[in-house]
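K.L.:
Questions regarding the structure given below will be posed in turn.
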Amino acid sequence: MYNNYGPSYQEQRLQQMMEQKQLKDFMRMYSNLVSRCFDDCVSDFTSNKLGDKELTCVTRCTLKNMKMNERVGQRFAEENAKLMEEQAKLGN
Amino acid sequence: MYNNYGPSYQEQRLQQMMEQKQLKDFMRMYSNLVSRCFDDCVSDFTSNKLGDKELTCVTRCTLKNMKMNERVGQRFAEENAKLMEEQAKLGN
Amino acid sequence: MYNNYGPSYQEQRLQQMMEQKQLKDFMRMYSNLVSRCFDDCVSDFTSNKLGDKELTCVTRCTLKNMKMNERVGQRFAEENAKLMEEQAKLGN
Amino acid sequence: GMGQGQGQMDPNAQLAAAEQEMEMVTDMFARLGELCNKKCILQRYSDEDLTKAESVCIDRCVAKYFQVNREVSDKLAKLSQANQ
Amino acid sequence: GMGQGQGQMDPNAQLAAAEQEMEMVTDMFARLGELCNKKCILQRYSDEDLTKAESVCIDRCVAKYFQVNREVSDKLAKLSQANQ
Amino acid sequence: GMGQGQGQMDPNAQLAAAEQEMEMVTDMFARLGELCNKKCILQRYSDEDLTKAESVCIDRCVAKYFQVNREVSDKLAKLSQANQ
C-alpha cells in the first residue's frame, strides 16, 4: 500500500492521516448539528413525532449553524495564519 | 494469543475490541453517575462530610439515572435497528 | 531507542507514556484557561479588540484559575492516596 | 490474514471501520442520553424510580432524537447534491 | 508475552492497563475540577488570588466529590451482587 | 530515524507531533465555535441565514478569542520564567 522509499512515504502517511482527520471532522460536525438542533428545537414530548414548528426549526437550525461554522472557519484560518506568522518571527 | 488462521482471527480481534469497548462504556457510565449526582446533590460546603440529605439524594440519583440509562438503551436499540433497516432498503 | 532487556524496557515505555501524558495535561490545562477566561470575560462585540476591563479580567482569571487548579491538585492527590490505601486494605 | 480472497477489504481497515462506526453510535447515545436526561428528569430527586411521566418522556425523546438525526442527514445530503 | 517469568501479565497488556487507569484518574480530576470551579468560584473576577472562603470551599468540595465517588461505587457493587 | 539524513527527527515521532498539533488546532476550533455560537446566535431560529449583526459578531468573536489565547499564553510564559 505504501511506496516505501524516502520522503514520499512520509507524505503518503501524512496524507492518509489528514484524510482520516477530515472524515472525523465531518462526522463530528454532523453529530454537533443533530444534538444542537435537537436541544434548541425540541422540548415538547406530548407526542413522539416532530411537529411542523419543530421541523421548520430543525431546518433553519441546520442551515444557520452550517453557515456559522463556515464563517467561523474562514475567520479562524485567517487568525491562525496571523498567529503562525507571529510565532515564526519570534523563532518558535 | 490469536489463532492466526483466516476468518476466526478477525472474529477474535473484533471480539476483543468489543470487550474493551464494553469495559470503557461501563467506566464512562460510572464516571457520569458520580459527576451528575455530585452536581445535582451537593452544593453545601459548610461541612466537608456528606450530610443525610445529600446521601439520600445520591442514592436516589444513582438508582434513577441507572434506570434512565437502561430505558434509553432499550429505546435506542429499537430505533437504531429501524434506522439500519431503512438504510439497508436504500442500499447503504 | 529502547534498551531491550527485561524490566527496564517496561520502565522506559512507562516513563515515555507518562511524559506524553504530562505534556497532554499541560496543553489541556492551557486550552481550558483560554476557553474559560474567554467565556467569563468577553461578551461585548461592539469592538474586535479586547478592552482594558476585559484584559484585566483575563489576567485575574488566568491567575485565579491556575491557583485553583493547583489547590484542587493537592487535595485530589491526598484524597486519591487515601482511596488507594482503602482499596489496598480491602485487597483490591 | 490479508489473502482472504478477491475484492475483500484489508482486515485492518475493516476493523478500523467497525471501530469508527461503534464510536459514532456510542457518541450519539451519549449525546441523546444527556439531552433526554436534561429534558425529561425534572425533579432531582424525590424518588429512586422513574415516574410514569418520565418513562413516557424518555421514549418520545429518543424517538424524536432519531427523527432530528434523519432530518439533518437528509438536509446535508440535499446540500451536497446541490453543490455537485 | 515477552517471556518475563511465570504468572506475569503480558507487558503490552500491563502498559495498556496502566494507561487506562491513568485516563480514569485524569477524567475524574477534570470533572471534579470543573464542578468545584462552578460551585466555589462565584465572583468572576474581583481578584487574582483565591479568597479564604474559596480555598476552604475547594478543600471541602474535593473531599465531598470523593465521598460521592465511594457512595456510587458501593451502590453499584451492591446492585451487581443482587443480580448474581 | 529511518535513514533519511543526519539531524532529522524520527519519522514516527514527526508524524505523532504533526498529529498532536492538528488535534490542538481542532480542539481550539471546537471550543471557539461553541462559545461564539453561544454568544452571537441569540435567536433560535427566526431565519436560516446569518443576519448582518450575527456575522459581525462572529468575526469579532473569533478575533477576540485569539487575543485571549495570546494573553493567556504570555501570562503562562511570564510565570514559568519567574519560576526559573
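If you're wondering about the labels, chains in the C-alpha cells are A, B, ... by order shown, residues count from 1 in each chain, ligands from 1 in order shown.
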Can you pull out every residue within 8 Å of segment 49-59 of chain C, counting only C-alpha atoms, but drop anything in the same chain fewer than 6 positions away, and send it as a PyMOL selection string?

P.N.:
(chain C and resi 37-38+41-42) or (chain E and resi 44-45+48) or (chain F and resi 60+63-64+67-68+71-72+75)

K.L.:
How about saving the chosen residues, N, CA, C and O atoms kept, as a CSV table (one decimal), in the first residue's frame?

P.N.:
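File produced: part22.csv:
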```csv
chain,number,residue,atom,x,y,z
C,37,CYS,N,-11.6,31.7,30.4
C,37,CYS,CA,-11.4,33.2,30.5
C,37,CYS,C,-12.1,33.9,29.4
C,37,CYS,O,-12.6,35.1,29.6
C,38,PHE,N,-12.2,33.3,28.2
C,38,PHE,CA,-12.9,34.0,27.2
C,38,PHE,C,-14.4,34.0,27.5
C,38,PHE,O,-15.1,35.0,27.4
C,41,CYS,N,-15.0,36.5,30.6
C,41,CYS,CA,-14.6,37.9,30.5
C,41,CYS,C,-15.0,38.6,29.2
C,41,CYS,O,-15.0,39.9,29.2
C,42,VAL,N,-15.4,37.9,28.2
C,42,VAL,CA,-15.7,38.6,26.9
C,42,VAL,C,-17.2,38.4,26.5
C,42,VAL,O,-17.6,37.3,26.2
E,44,ARG,N,-16.4,36.5,39.4
E,44,ARG,CA,-15.5,36.3,38.2
E,44,ARG,C,-15.2,37.6,37.6
E,44,ARG,O,-15.8,38.1,36.6
E,45,TYR,N,-14.1,38.4,37.9
E,45,TYR,CA,-13.1,38.2,38.9
E,45,TYR,C,-12.7,39.5,39.5
E,45,TYR,O,-12.3,40.4,38.8
E,48,GLU,N,-7.0,38.3,41.8
E,48,GLU,CA,-6.3,37.2,41.1
E,48,GLU,C,-5.9,36.1,42.1
E,48,GLU,O,-5.4,35.1,41.7
F,60,ARG,N,-15.8,39.3,15.1
F,60,ARG,CA,-15.1,39.9,16.2
F,60,ARG,C,-14.9,38.9,17.4
F,60,ARG,O,-13.9,39.0,18.1
F,63,ALA,N,-11.8,37.0,16.5
F,63,ALA,CA,-10.6,37.8,16.7
F,63,ALA,C,-10.3,37.9,18.2
F,63,ALA,O,-9.1,37.8,18.6
F,64,LYS,N,-11.3,38.1,19.0
F,64,LYS,CA,-11.1,38.3,20.5
F,64,LYS,C,-10.7,37.0,21.1
F,64,LYS,O,-9.9,37.0,22.1
F,67,GLN,N,-7.1,36.8,20.7
F,67,GLN,CA,-6.4,37.7,21.6
F,67,GLN,C,-6.3,37.1,23.0
F,67,GLN,O,-5.3,37.2,23.7
F,68,VAL,N,-7.4,36.5,23.5
F,68,VAL,CA,-7.4,35.9,24.8
F,68,VAL,C,-6.3,34.8,24.8
F,68,VAL,O,-5.6,34.6,25.8
F,71,GLU,N,-3.0,36.4,25.3
F,71,GLU,CA,-2.8,36.9,26.7
F,71,GLU,C,-2.5,35.8,27.7
F,71,GLU,O,-1.6,35.9,28.5
F,72,VAL,N,-3.3,34.7,27.6
F,72,VAL,CA,-3.1,33.5,28.5
F,72,VAL,C,-1.7,32.9,28.2
F,72,VAL,O,-0.9,32.6,29.2
F,75,LYS,N,1.0,35.2,29.7
F,75,LYS,CA,1.0,35.1,31.2
F,75,LYS,C,1.6,33.8,31.6
F,75,LYS,O,2.4,33.8,32.6
```

K.L.:
Could you tell me, as a PyMOL selection string, which residues of segment 8-62 of chain B DSSP assigns to alpha helix (DSSP H) when given the backbone?

P.N.:
chain B and resi 8-41+52-62

K.L.:
Which residues of chain E come within 8 Å of chain C, and for each one, what is the closest pair of atoms and their distance in Å to one decimal, counting only C-alpha atoms, sorted by chain and residue number, as a tab-separated table?

P.N.:
```
residue	atom	partner	partner_atom	distance
E:Gln4	CA	C:Gly6	CA	6.9
E:Pro11	CA	C:Gln10	CA	7.1
E:Leu15	CA	C:Leu14	CA	6.9
E:Glu19	CA	C:Met17	CA	7.8
E:Phe29	CA	C:Phe76	CA	7.4
E:Gly33	CA	C:Val72	CA	6.7
E:Asn37	CA	C:Met68	CA	7.7
E:Arg44	CA	C:Asp40	CA	6.8
E:Tyr45	CA	C:Cys57	CA	6.1
E:Ser46	CA	C:Arg60	CA	7.6
E:Asp47	CA	C:Arg60	CA	6.0
E:Glu48	CA	C:Arg60	CA	4.2
E:Asp49	CA	C:Lys64	CA	5.4
E:Leu50	CA	C:Lys64	CA	6.2
E:Ser55	CA	C:Arg71	CA	7.7
E:Ile58	CA	C:Val72	CA	6.7
E:Asp59	CA	C:Arg75	CA	6.3
E:Val62	CA	C:Phe76	CA	6.5
E:Ala63	CA	C:Glu79	CA	6.9
E:Phe66	CA	C:Glu79	CA	7.1
```

K.L.:
Kindly save the residues from that selection, with C-alpha atoms included, as a compact mmCIF listing (two decimals), in the first residue's frame.

P.N.:
```
# COMPACT_ATOMS: atom_id res chain seq x y z
CA GLN E 4 9.43 -12.45 31.66
CA PRO E 11 3.80 -6.41 29.22
CA LEU E 15 1.07 -0.95 29.86
CA GLU E 19 -2.66 3.81 30.65
CA PHE E 29 -9.77 15.15 38.06
CA GLY E 33 -12.16 20.44 38.84
CA ASN E 37 -14.82 25.63 39.95
CA ARG E 44 -15.55 36.30 38.19
CA TYR E 45 -13.11 38.16 38.87
CA SER E 46 -12.55 40.72 41.55
CA ASP E 47 -9.10 39.41 42.44
CA GLU E 48 -6.28 37.23 41.13
CA ASP E 49 -5.83 35.27 44.36
CA LEU E 50 -8.10 32.68 45.89
CA SER E 55 -9.91 27.90 49.41
CA ILE E 58 -12.34 23.88 47.27
CA ASP E 59 -10.95 21.63 50.01
CA VAL E 62 -12.82 17.74 46.66
CA ALA E 63 -13.46 15.76 49.85
CA PHE E 66 -14.56 11.52 46.67
```

K.L.:
Just the number, please: distance in Å from atom CA of Leu35 of chain D to atom CA of Lys52 of chain D, one decimal.

P.N.:
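Atom-to-atom, atom CA of Leu35 of chain D to atom CA of Lys52 of chain D, that is 18.7 Å.
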
K.L.:
Quote the spacing between atom CA of Lys39 of chain D and atom CA of Ser43 of chain A in Å to one decimal place.

P.N.:
6.9 Å
